[in-house]
Amino acid sequence: MGDATNRLIGLLESADIIAAEDTRRLHRLVSALGITTRGRIISYHEHNEASRTADLLEMVRGGATLLMVTDAGMPAVSDPGFRLVEAAAAEGLTVTAAPGPSAVLTALALSGLPTDRFCFEGFLPRKPGERSTRLAQLAGEQRTMVFFEAPHRLEPMLRALDAAFGSDRRAAIARELTKLHEQVLRGPLRELLEWAEAGDVRGEIAVVVEGAPDAAPEQAADHVGAVNTLIEQGLRLKEAVAAVAEEARISKRELYSAVLEARS
């Protein structure tokens with residue numbers, strides 16, 4: 001409750017319409033804050049946002065102030081709200097946000113991992129094959145990565161991260177951020193996987209993973225095999241060296257020396 005800003009309280013009290021992901025949670029929030037709403041409360045969630053967005057915008061065009069509130073996350077960030085913002089912006093209607101807690105930034109700040117460059121990847125695909133494909137695409141990502149995950153899928157997700165990024169990659173699990181039972185665990189992926197395997201994981205989960213280390217600069221010796229392959233296909237040594245050096249953008253002289261050294 002302490003994270004509710006004065007601005008949010010003022011909007012809850014004054015909005016003409018409140019679109020709530022869960023009206024029961026909204027009523028509990030309002031009651032806990034000791035305030036009274038005067039606006040019309042409308043249910044607005046992932047199952048009806050496509051059909052209700054047009055009606056809500058019609059009310060805004062008529063002069064109403066619309067406040068959208070989600071359960072326990074930043075609206076429009078892996079939560080309902082994107083369609084509403086997109087449609088309102090397309091019409092040139094005024095859209096703003098009452099800044100509040102964000103699990104993405106809070107998890108990043110608490111992770112103990114680099115925060116100067118990061119990316120938010122949301123929820124990984126549920127199917128193992130699709131998840132593996134997505135993680136393979138992220139294998140070389142050097143920015144700190146932030147993911148969301150459901151508690152019952154955390155264990156297979158961590159196992160997939162372990163396989164894709166390596167057991168020693170640093171990470172953090174942030175659970176129930178800014179709530180009563182907030183918890184943050186930090187360590188290598190393998191240790192976090194063992195924790196998930198051993199316990200009954202509950203709550204809303206954010207996983208922060210260290211980015212990939214800088215790739216080691218390529219050496220001429222790394223391309224000797226490619227030269228030998230071309231030689232086996234019929235090219236002369238100098239021709240093979242020239243072709244590989246141009247493709248790899250390395251020194252022909254250094255590559256030629258590396259091939260001779262490998263033969264000695």
# chains A, B, ... in the order shown; residues from 1 in each chain; ligands from 1

call {"tool": "residues_around", "arguments": {"residues": "region 194-210 of chain A", "least_positions_apart": "5", "cutoff": "9 Å", "atoms": "only C-alpha atoms", "output": "PyMOL selection string"}}
result
chain A and resi 72+103-104+107-108+111+113-114+122+142-152+154-155+158+161+169-177+181+189

call {"tool": "select_by_dssp", "arguments": {"residues": "region 7-252 of chain A", "states": "strand (DSSP E)", "output": "number ranges by chain"}}
result
A: 17-20, 40-43, 66-69, 118-123, 144-149, 170-175, 183-188, 205-209

call {"tool": "atom_distance", "arguments": {"atom1": "CA of Asp3 (chain A)", "atom2": "CA of Thr178 (chain A)"}}
result
7.8 Å

call {"tool": "residues_around", "arguments": {"residues": "Arg126 (chain A)", "least_positions_apart": "5", "cutoff": "9 Å", "atoms": "only C-alpha atoms", "output": "ChimeraX atom specification"}}
result
/A:131,153,157
